[in-house]
file my_file-v5.cif (mmCIF, C-alpha atoms)
data_start
#
loop_
_atom_site.label_atom_id
_atom_site.label_comp_id
_atom_site.auth_asym_id
_atom_site.auth_seq_id
_atom_site.Cartn_x
_atom_site.Cartn_y
_atom_site.Cartn_z
CA MET A 1 60.11 -7.57 19.43
CA ASN A 2 59.79 -11.30 19.13
CA ASN A 3 56.84 -10.99 16.82
CA ILE A 4 58.89 -9.33 14.05
CA TYR A 5 59.81 -12.82 12.79
CA PHE A 6 56.17 -13.78 12.56
CA ILE A 7 55.36 -10.55 10.75
CA ILE A 8 58.08 -11.38 8.21
CA ILE A 9 56.76 -14.94 7.81
CA ALA A 10 53.20 -13.66 7.26
CA ILE A 11 54.35 -11.11 4.66
CA LEU A 12 56.39 -13.78 2.87
CA CYS A 13 53.28 -16.00 2.80
CA ILE A 14 51.22 -13.21 1.23
CA ILE A 15 53.91 -12.47 -1.36
CA TYR A 16 54.28 -16.17 -2.15
CA ILE A 17 50.53 -16.70 -2.65
CA GLY A 18 50.36 -13.55 -4.78
CA SER A 19 53.27 -14.58 -6.97
CA VAL A 20 51.92 -18.09 -7.52
CA VAL A 21 48.58 -16.66 -8.62
CA ARG A 22 50.30 -14.10 -10.85
CA LYS A 23 52.25 -16.83 -12.62
CA ARG A 24 48.90 -18.52 -13.23
CA LYS A 25 49.90 -21.65 -11.35
CA PHE A 26 47.03 -21.20 -8.92
CA SER A 27 43.53 -19.98 -9.66
CA VAL A 28 42.42 -16.64 -8.28
CA LYS A 29 39.27 -18.18 -6.85
CA GLU A 30 41.00 -20.96 -4.93
CA SER A 31 43.65 -18.62 -3.56
CA PHE A 32 41.08 -16.45 -1.79
CA PHE A 33 40.88 -18.49 1.44
CA TRP A 34 44.63 -18.81 1.74
CA MET A 35 45.03 -15.09 1.22
CA VAL A 36 42.48 -14.41 3.98
CA ALA A 37 44.33 -16.83 6.28
CA ALA A 38 47.67 -15.16 5.53
CA PHE A 39 46.22 -11.72 6.30
CA LEU A 40 44.77 -12.99 9.58
CA MET A 41 48.22 -14.33 10.43
CA LEU A 42 49.70 -10.92 9.69
CA LEU A 43 47.11 -9.19 11.89
CA LEU A 44 47.69 -11.64 14.74
CA SER A 45 51.45 -11.19 14.57
CA ILE A 46 51.13 -7.39 14.64
CA PHE A 47 48.60 -7.44 17.51
CA PRO A 48 49.41 -10.66 19.36
CA TYR A 49 47.35 -9.65 22.40
CA SER A 50 44.14 -9.42 20.39
CA ILE A 51 43.81 -13.19 20.83
CA ASP A 52 43.48 -12.58 24.60
CA PHE A 53 40.49 -10.33 24.08
CA ILE A 54 38.86 -12.80 21.73
CA ALA A 55 39.49 -15.58 24.25
CA LYS A 56 37.82 -13.53 26.97
CA PHE A 57 34.87 -12.96 24.69
CA PHE A 58 34.44 -16.70 24.15
CA GLY A 59 35.17 -17.47 27.80
CA VAL A 60 38.33 -19.46 27.07
CA GLU A 61 40.83 -19.41 29.93
CA TYR A 62 44.00 -20.27 28.10
CA PRO A 63 44.10 -18.06 24.94
CA PRO A 64 46.56 -20.12 22.83
CA THR A 65 44.09 -23.01 22.71
CA LEU A 66 41.58 -20.70 21.06
CA PHE A 67 44.13 -19.92 18.40
CA LEU A 68 44.72 -23.63 17.82
CA VAL A 69 40.99 -24.28 17.66
CA PHE A 70 40.61 -21.62 14.99
CA CYS A 71 43.48 -23.14 13.02
CA ILE A 72 41.92 -26.59 13.22
CA ILE A 73 38.51 -25.28 12.15
CA PHE A 74 40.10 -23.54 9.16
CA LEU A 75 42.03 -26.65 8.13
CA VAL A 76 39.02 -28.93 8.50
CA PHE A 77 36.95 -26.50 6.47
CA VAL A 78 39.51 -26.35 3.65
CA ASN A 79 39.89 -30.11 3.73
CA PHE A 80 36.15 -30.66 3.48
CA ARG A 81 35.94 -28.21 0.60
CA ASN A 82 38.70 -30.05 -1.20
CA SER A 83 36.98 -33.42 -0.74
CA LYS A 84 33.79 -31.93 -2.09
CA ARG A 85 35.65 -30.58 -5.10
CA ILE A 86 37.27 -33.95 -5.75
CA ALA A 87 33.91 -35.70 -5.63
CA GLU A 88 32.40 -33.19 -8.04
CA GLN A 89 35.32 -33.49 -10.39
CA GLN A 90 35.23 -37.28 -10.29
CA GLU A 91 31.62 -37.15 -11.39
CA LYS A 92 32.42 -34.76 -14.23
CA ILE A 93 35.39 -36.80 -15.42
CA THR A 94 33.24 -39.94 -15.55
CA GLU A 95 30.61 -38.06 -17.51
CA LEU A 96 33.25 -36.78 -19.94
CA ALA A 97 34.93 -40.16 -20.37
CA GLN A 98 31.60 -41.83 -21.12
CA ASN A 99 30.75 -39.17 -23.65
CA VAL A 100 34.14 -39.49 -25.35
CA ALA A 101 33.67 -43.26 -25.54
CA ILE A 102 30.25 -42.85 -27.15
CA LEU A 103 31.63 -40.29 -29.62
CA LYS A 104 34.46 -42.64 -30.56
CA GLU A 105 31.97 -45.42 -31.27
CA LYS A 106 29.90 -43.03 -33.39
CA GLU A 107 33.00 -42.11 -35.39
CA ASN A 108 33.77 -45.77 -36.03
CA GLU A 109 30.24 -46.40 -37.22
CA GLU A 110 30.47 -43.51 -39.66
CA LYS A 111 33.65 -44.97 -41.15
CA MET B 1 18.65 -2.46 -45.04
CA TYR B 2 21.21 -4.14 -42.86
CA THR B 3 24.19 -5.26 -44.81
CA LEU B 4 27.14 -7.13 -43.45
CA ILE B 5 29.38 -6.52 -46.43
CA GLY B 6 32.79 -4.94 -45.82
CA ASP B 7 34.07 -1.72 -47.34
CA ASP B 8 35.77 -3.43 -50.25
CA MET B 9 32.48 -5.15 -51.13
CA THR B 10 34.33 -8.29 -52.18
CA LYS B 11 35.06 -10.00 -48.91
CA LYS B 12 32.14 -10.76 -46.67
CA ASP B 13 32.84 -10.92 -42.96
CA LYS B 14 31.76 -14.05 -41.23
CA LEU B 15 29.68 -13.09 -38.24
CA LEU B 16 28.60 -15.38 -35.42
CA PHE B 17 26.08 -14.79 -32.67
CA VAL B 18 27.09 -16.66 -29.54
CA ILE B 19 24.09 -17.19 -27.28
CA PRO B 20 24.63 -19.02 -24.00
CA ALA B 21 21.33 -20.37 -22.70
CA TYR B 22 20.35 -21.98 -19.43
CA ASN B 23 16.67 -22.80 -18.89
CA GLU B 24 15.44 -20.16 -21.34
CA GLU B 25 12.53 -21.97 -23.04
CA GLU B 26 10.27 -18.95 -22.65
CA ASN B 27 12.60 -16.43 -24.27
CA ILE B 28 14.92 -18.21 -26.69
CA GLY B 29 12.41 -18.78 -29.50
CA LYS B 30 11.62 -15.08 -29.79
CA VAL B 31 15.32 -14.13 -29.61
CA LEU B 32 16.27 -16.50 -32.42
CA LYS B 33 13.42 -15.36 -34.65
CA GLU B 34 14.36 -11.74 -34.08
CA ILE B 35 18.01 -12.27 -35.04
CA LYS B 36 17.06 -14.28 -38.12
CA HIS B 37 14.67 -11.58 -39.23
CA ASP B 38 16.90 -8.57 -38.55
CA ILE B 39 20.34 -9.92 -39.41
CA PRO B 40 19.82 -12.73 -41.91
CA ASN B 41 23.47 -12.98 -42.96
CA ALA B 42 24.83 -13.91 -39.56
CA ASP B 43 25.30 -17.41 -38.22
CA ILE B 44 23.82 -18.24 -34.85
CA LEU B 45 25.22 -20.63 -32.27
CA VAL B 46 23.34 -21.47 -29.09
CA ILE B 47 25.34 -23.00 -26.28
CA ASN B 48 22.97 -24.99 -24.13
CA ASP B 49 24.50 -25.11 -20.67
CA CYS B 50 22.81 -28.34 -19.64
CA SER B 51 19.30 -26.87 -19.40
CA ARG B 52 16.62 -28.92 -17.71
CA ASP B 53 13.74 -27.61 -19.81
CA ARG B 54 12.85 -27.63 -23.51
CA THR B 55 15.49 -25.08 -24.61
CA VAL B 56 17.22 -27.54 -26.97
CA ASP B 57 13.97 -28.59 -28.64
CA ILE B 58 13.03 -24.99 -29.31
CA VAL B 59 16.47 -24.19 -30.73
CA LYS B 60 16.34 -27.24 -33.00
CA LYS B 61 12.83 -26.35 -34.12
CA ASN B 62 14.20 -22.99 -35.26
CA LYS B 63 16.93 -24.84 -37.24
CA VAL B 64 19.76 -23.14 -35.38
CA LYS B 65 23.08 -24.76 -34.56
CA CYS B 66 23.24 -25.83 -30.91
CA ILE B 67 26.12 -27.08 -28.80
CA SER B 68 25.16 -28.77 -25.55
CA ASN B 69 27.61 -28.72 -22.69
CA ILE B 70 27.86 -32.06 -20.95
CA PHE B 71 27.48 -30.52 -17.50
CA ASN B 72 26.57 -27.08 -16.27
CA MET B 73 29.64 -24.89 -16.46
CA GLY B 74 28.22 -21.43 -15.90
CA TYR B 75 27.73 -18.43 -18.14
CA ALA B 76 31.39 -17.58 -18.76
CA MET B 77 32.48 -21.07 -19.76
CA ALA B 78 29.49 -21.37 -22.08
CA VAL B 79 30.54 -18.15 -23.78
CA GLN B 80 34.08 -19.44 -24.08
CA THR B 81 32.80 -22.63 -25.69
CA GLY B 82 31.15 -20.46 -28.33
CA ILE B 83 34.29 -18.40 -28.81
CA LYS B 84 36.35 -21.55 -29.26
CA TYR B 85 33.89 -22.70 -31.90
CA ALA B 86 34.30 -19.33 -33.64
CA ALA B 87 38.09 -19.62 -33.53
CA ILE B 88 38.04 -23.12 -35.05
CA HIS B 89 35.61 -22.12 -37.81
CA ASP B 90 37.53 -18.93 -38.56
CA TYR B 91 34.85 -16.33 -37.90
CA ASP B 92 35.77 -12.66 -38.26
CA TYR B 93 33.45 -11.27 -35.61
CA VAL B 94 31.60 -12.73 -32.65
CA ILE B 95 28.64 -11.04 -31.03
CA GLN B 96 27.89 -12.13 -27.48
CA PHE B 97 24.15 -12.10 -27.10
CA ASP B 98 21.91 -12.97 -24.19
CA ALA B 99 19.16 -15.55 -24.51
CA ASP B 100 16.81 -13.80 -22.12
CA GLY B 101 15.51 -11.29 -24.67
CA GLN B 102 17.18 -8.24 -23.10
CA HIS B 103 19.32 -7.51 -26.13
CA ILE B 104 17.87 -6.19 -29.35
CA ALA B 105 19.15 -7.77 -32.55
CA LYS B 106 19.12 -4.56 -34.59
CA GLU B 107 21.52 -2.99 -32.09
CA ALA B 108 24.03 -5.76 -32.80
CA ASN B 109 24.46 -4.37 -36.26
CA LYS B 110 25.52 -1.04 -34.73
CA LEU B 111 28.17 -2.81 -32.68
CA TYR B 112 29.48 -4.65 -35.70
CA GLU B 113 29.59 -1.56 -37.90
CA HIS B 114 31.35 0.45 -35.22
CA ALA B 115 33.97 -2.28 -34.78
CA LYS B 116 34.53 -2.43 -38.52
CA LYS B 117 34.68 1.33 -39.11
CA ASN B 118 36.93 2.27 -36.21
CA ASN B 119 38.98 -0.90 -36.26
CA CYS B 120 38.12 -1.73 -32.64
CA ASP B 121 38.96 -5.01 -30.97
CA ILE B 122 36.01 -5.01 -28.62
CA VAL B 123 32.83 -2.95 -28.84
CA ILE B 124 30.61 -2.96 -25.78
CA GLY B 125 26.92 -2.14 -25.98
CA SER B 126 26.26 0.14 -23.05
CA ARG B 127 23.02 0.74 -21.20
CA TYR B 128 24.27 3.78 -19.33
CA LEU B 129 26.27 5.82 -21.85
CA LYS B 130 23.29 7.93 -22.78
CA ASP B 131 19.97 7.83 -21.07
CA MET B 132 18.39 5.11 -23.13
CA GLY B 133 15.49 4.68 -20.76
CA TYR B 134 16.80 1.51 -19.16
CA PRO B 135 15.45 1.17 -15.63
CA CYS B 136 18.11 -0.42 -13.49
CA PRO B 137 18.13 -1.72 -9.90
CA LYS B 138 19.90 0.73 -7.59
CA PHE B 139 22.37 -1.74 -6.15
CA ARG B 140 23.55 -2.76 -9.58
CA ARG B 141 23.91 0.86 -10.65
CA ILE B 142 26.19 1.60 -7.67
CA GLY B 143 28.32 -1.46 -8.44
CA THR B 144 28.70 -0.39 -12.05
CA LYS B 145 29.77 3.11 -10.96
CA ILE B 146 32.50 1.65 -8.73
CA PHE B 147 33.87 -0.48 -11.55
CA GLU B 148 33.74 2.51 -13.89
CA LYS B 149 35.92 4.47 -11.44
CA ILE B 150 38.41 1.61 -11.10
CA ILE B 151 38.77 1.31 -14.86
CA LYS B 152 39.20 5.05 -15.21
CA CYS B 153 41.94 5.14 -12.57
CA SER B 154 43.87 2.14 -13.85
CA CYS B 155 43.46 2.46 -17.62
CA LYS B 156 42.54 6.13 -18.16
CA LYS B 157 39.49 5.16 -20.13
CA THR B 158 35.80 5.49 -19.42
CA ILE B 159 33.79 2.32 -19.81
CA ALA B 160 30.38 3.10 -18.38
CA ASP B 161 28.98 -0.43 -18.54
CA PRO B 162 31.74 -3.02 -18.09
CA LEU B 163 29.18 -5.57 -16.89
CA SER B 164 27.37 -5.60 -20.22
CA GLY B 165 27.16 -9.02 -21.85
CA PHE B 166 26.41 -7.42 -25.20
CA GLN B 167 29.76 -7.24 -26.96
CA CYS B 168 31.28 -7.54 -30.40
CA LEU B 169 34.71 -9.18 -30.58
CA ASN B 170 37.06 -9.23 -33.55
CA LYS B 171 39.31 -12.03 -34.70
CA LYS B 172 42.29 -11.00 -32.59
CA VAL B 173 40.22 -11.11 -29.42
CA ILE B 174 38.49 -14.36 -30.40
CA LYS B 175 41.87 -16.05 -30.75
CA ARG B 176 43.04 -14.71 -27.41
CA TYR B 177 39.89 -15.68 -25.50
CA ALA B 178 39.85 -19.12 -27.08
CA LYS B 179 43.36 -19.81 -25.80
CA MET B 180 42.83 -18.44 -22.29
CA GLY B 181 43.23 -21.31 -19.84
CA ASN B 182 41.91 -19.25 -16.95
CA TYR B 183 38.94 -17.53 -18.52
CA PRO B 184 37.35 -15.86 -15.48
CA GLU B 185 34.13 -17.07 -13.94
CA PHE B 186 32.64 -13.59 -14.27
CA PRO B 187 34.22 -11.98 -17.33
CA ASP B 188 33.22 -8.39 -16.60
CA ALA B 189 35.33 -5.47 -15.38
CA ASN B 190 38.37 -7.67 -14.75
CA LEU B 191 38.51 -8.84 -18.36
CA VAL B 192 37.98 -5.29 -19.65
CA ILE B 193 40.92 -4.07 -17.55
CA GLU B 194 43.10 -6.97 -18.65
CA MET B 195 42.40 -6.31 -22.32
CA LEU B 196 42.91 -2.54 -21.96
CA LEU B 197 46.22 -3.00 -20.17
CA SER B 198 47.30 -5.50 -22.84
CA GLY B 199 46.81 -2.79 -25.45
CA TYR B 200 43.52 -3.80 -27.07
CA LYS B 201 41.21 -1.12 -28.35
CA ILE B 202 37.88 -1.18 -26.53
CA GLU B 203 35.07 1.19 -27.30
CA GLU B 204 31.57 1.59 -26.09
CA ILE B 205 28.43 2.69 -27.85
CA PRO B 206 24.99 3.32 -26.39
CA VAL B 207 22.36 0.66 -27.14
CA LYS B 208 18.78 0.13 -26.20
CA MET B 209 17.90 -2.83 -24.03
CA ARG B 210 14.70 -4.39 -22.84
CA LEU B 211 13.86 -5.56 -19.38
CA ARG B 212 13.88 -9.27 -18.75
CA GLU B 213 10.55 -10.84 -19.56
CA ALA B 214 10.59 -14.28 -18.00
CA GLY B 215 12.88 -16.68 -16.19
CA GLU B 216 15.56 -16.20 -13.58
CA SER B 217 18.53 -13.85 -13.65
CA MET B 218 21.96 -15.19 -12.71
CA HIS B 219 22.69 -12.28 -10.36
CA GLY B 220 19.56 -12.69 -8.21
CA GLY B 221 19.24 -12.89 -4.43
CA ILE B 222 21.23 -11.21 -1.66
CA ILE B 223 24.26 -13.43 -1.05
CA LYS B 224 25.17 -13.84 -4.70
CA PRO B 225 25.75 -10.12 -5.42
CA ILE B 226 27.92 -9.77 -2.29
CA LYS B 227 29.95 -12.81 -3.27
CA TYR B 228 30.19 -11.39 -6.75
CA MET B 229 31.55 -8.05 -5.54
CA ILE B 230 34.20 -9.64 -3.29
CA ASN B 231 35.23 -12.00 -6.08
CA MET B 232 35.41 -9.10 -8.52
CA PHE B 233 37.59 -6.83 -6.35
CA TYR B 234 39.94 -9.69 -5.58
CA THR B 235 40.23 -10.64 -9.26
CA ILE B 236 40.73 -7.03 -10.36
CA PHE B 237 43.50 -6.66 -7.80
CA PHE B 238 45.36 -9.58 -9.39
CA VAL B 239 44.70 -8.32 -12.91
CA LEU B 240 46.18 -4.97 -11.91
CA ILE B 241 49.37 -6.41 -10.46
CA THR B 242 49.79 -8.83 -13.36
CA PHE B 243 49.11 -6.47 -16.25
CA SER B 244 50.40 -3.13 -14.95
CA LYS B 245 51.82 -1.00 -17.74
CA LYS B 246 55.52 -1.58 -17.04
CA LYS B 247 55.09 -5.31 -17.19
CA VAL B 248 53.30 -5.18 -20.51
CA LYS B 249 55.99 -2.99 -22.05
CA ALA B 250 58.74 -5.23 -20.73
CA HIS B 251 56.93 -8.20 -22.18
CA GLU B 252 56.73 -6.66 -25.61
#
call {"tool": "encode", "arguments": {"input": "my_file-v5.cif", "output": "structure tokens"}}
result
Amino acid sequence: MNNIYFIIIAILCIIYIGSVVRKRKFSVKESFFWMVAAFLMLLLSIFPYSIDFIAKFFGVEYPPTLFLVFCIIFLVFVNFRNSKRIAEQQEKITELAQNVAILKEKENEEK
Amino acid sequence: MYTLIGDDMTKKDKLLFVIPAYNEEENIGKVLKEIKHDIPNADILVINDCSRDRTVDIVKKNKVKCISNIFNMGYAMAVQTGIKYAAIHDYDYVIQFDADGQHIAKEANKLYEHAKKNNCDIVIGSRYLKDMGYPCPKFRRIGTKIFEKIIKCSCKKTIADPLSGFQCLNKKVIKRYAKMGNYPEFPDANLVIEMLLSGYKIEEIPVKMRLREAGESMHGGIIKPIKYMINMFYTIFFVLITFSKKKVKAHE
């Protein structure tokens, strides 16, 4: 019954993500991946031996490494997505700032 | 004829058509002419969502007010831009209208009159309420049915076409939408449920619609609809836990 702690942790994660979204401190869209990750964590903690089957399927000898690989892939994916978002936002902010500057100049001219 | 004068005949309601447009050069001219001809008293506002074609030129040629977004923000944010404009300029009613020529301007008058007569907050123009001869793709029809069931279970109200973009909003709703910091990316069934649970009066009347004539729909392809459905269920789930009846009462 060691995995009961992990089940509790996973459920707490789900509740935490849900409550943050409900308080509108996190957007529904962005929370989706974290929610999926939390549910996978819950599933893995309920059926810890499922990772063995998956490892066999991929031909991995030591199952815990597979778990770590999945974690790393998920984190890299989220990180890349965030970088992409930042780049997009940077572009938009520049565009906005330039437009505001032009508008300000226009206003001065009208005065 | 079509009058937009209130019951007391003294105070005229200010009515605004909000038309978000993205690459609609083939349709927008006809749409604007139709509205001007059928409902001459209403103001029209086109929100150009950074189109790459001649949409702006055509709108300007028709002497209609046009706001251009600085970058492409998507349908929902364009609509919200229009609603914010309406809130600032103190309009009494906003009619959300599509630029692709699907919606018929004369039907907008029905929406407005229904909202006025029954004191509704939102009136939705529905394709499915009666058989109005609107041919609809099967996949979309199934999706609409599912959302109809969800709304019926959670709010005890039948909204047959929650995905309709043809809506009339009153001042109360305009103010609320204008202030919403997290206006959803797809303001369909989730927004209907949120407004119903918050105690707004939403009604639906049957309207005629045309099929799209030219250009590209925003719900095309295979991956997009699937993404849309997942997004929608997830969003509705959060709307339900945030706006469940007890919470709303406690809030009041």
call {"tool": "interface_residues", "arguments": {"input": "my_file-v5.cif", "of": "chain A", "to": "chain B", "cutoff": "10 Å", "atoms": "only C-alpha atoms", "output": "ChimeraX atom specification"}}
result
/A:18-19,21-24,26-29,31-32,91-92,95-96,99
call {"tool": "atom_distance", "arguments": {"input": "my_file-v5.cif", "atom1": "atom CA of Met209 of chain B", "atom2": "atom CA of Ala108 of chain B"}}
result
11.1 Å
call {"tool": "resolve_selection", "arguments": {"input": "my_file-v5.cif", "expression": "the PyMOL selection byres ((chain A and resi 4) around 12)", "output": "short mmCIF file (atom, residue, chain, number, x, y, z; two decimals) with C-alpha atoms, in the coordinates of the input"}}
result
data_model
loop_
_atom_site.label_atom_id
_atom_site.label_comp_id
_atom_site.auth_asym_id
_atom_site.auth_seq_id
_atom_site.Cartn_x
_atom_site.Cartn_y
_atom_site.Cartn_z
CA MET A 1 60.11 -7.57 19.43
CA ASN A 2 59.79 -11.30 19.13
CA ASN A 3 56.84 -10.99 16.82
CA TYR A 5 59.81 -12.82 12.79
CA PHE A 6 56.17 -13.78 12.56
CA ILE A 7 55.36 -10.55 10.75
CA ILE A 8 58.08 -11.38 8.21
CA ILE A 9 56.76 -14.94 7.81
CA ALA A 10 53.20 -13.66 7.26
CA ILE A 11 54.35 -11.11 4.66
CA LEU A 42 49.70 -10.92 9.69
CA LEU A 43 47.11 -9.19 11.89
CA LEU A 44 47.69 -11.64 14.74
CA SER A 45 51.45 -11.19 14.57
CA ILE A 46 51.13 -7.39 14.64
CA PHE A 47 48.60 -7.44 17.51
CA PRO A 48 49.41 -10.66 19.36
#
call {"tool": "residues_around", "arguments": {"input": "my_file-v5.cif", "residues": "segment 145-159 of chain B", "least_positions_apart": "3", "cutoff": "7 Å", "atoms": "all atoms listed in the file", "output": "list in words"}}
result
Arg141, Ile142, Pro162, Ala189, Ile193, Leu196, Leu197 and Glu204 of chain B
call {"tool": "residues_around", "arguments": {"input": "my_file-v5.cif", "residues": "Arg176 of chain B", "least_positions_apart": "6", "cutoff": "12 Å", "atoms": "only C-alpha atoms", "output": "tab-separated table (two decimals) with C-alpha atoms, in the frame of the given file"}}
result
chain	number	residue	atom	x	y	z
B	80	GLN	CA	34.08	-19.44	-24.08
B	83	ILE	CA	34.29	-18.40	-28.81
B	84	LYS	CA	36.35	-21.55	-29.26
B	86	ALA	CA	34.30	-19.33	-33.64
B	87	ALA	CA	38.09	-19.62	-33.53
B	121	ASP	CA	38.96	-5.01	-30.97
B	169	LEU	CA	34.71	-9.18	-30.58
B	170	ASN	CA	37.06	-9.23	-33.55
B	182	ASN	CA	41.91	-19.25	-16.95
B	183	TYR	CA	38.94	-17.53	-18.52
B	191	LEU	CA	38.51	-8.84	-18.36
B	194	GLU	CA	43.10	-6.97	-18.65
B	195	MET	CA	42.40	-6.31	-22.32
B	198	SER	CA	47.30	-5.50	-22.84
B	200	TYR	CA	43.52	-3.80	-27.07
call {"tool": "atom_distance", "arguments": {"input": "my_file-v5.cif", "atom1": "atom CA of Glu25 of chain B", "atom2": "atom CA of Leu103 of chain A"}}
result
27.3 Å
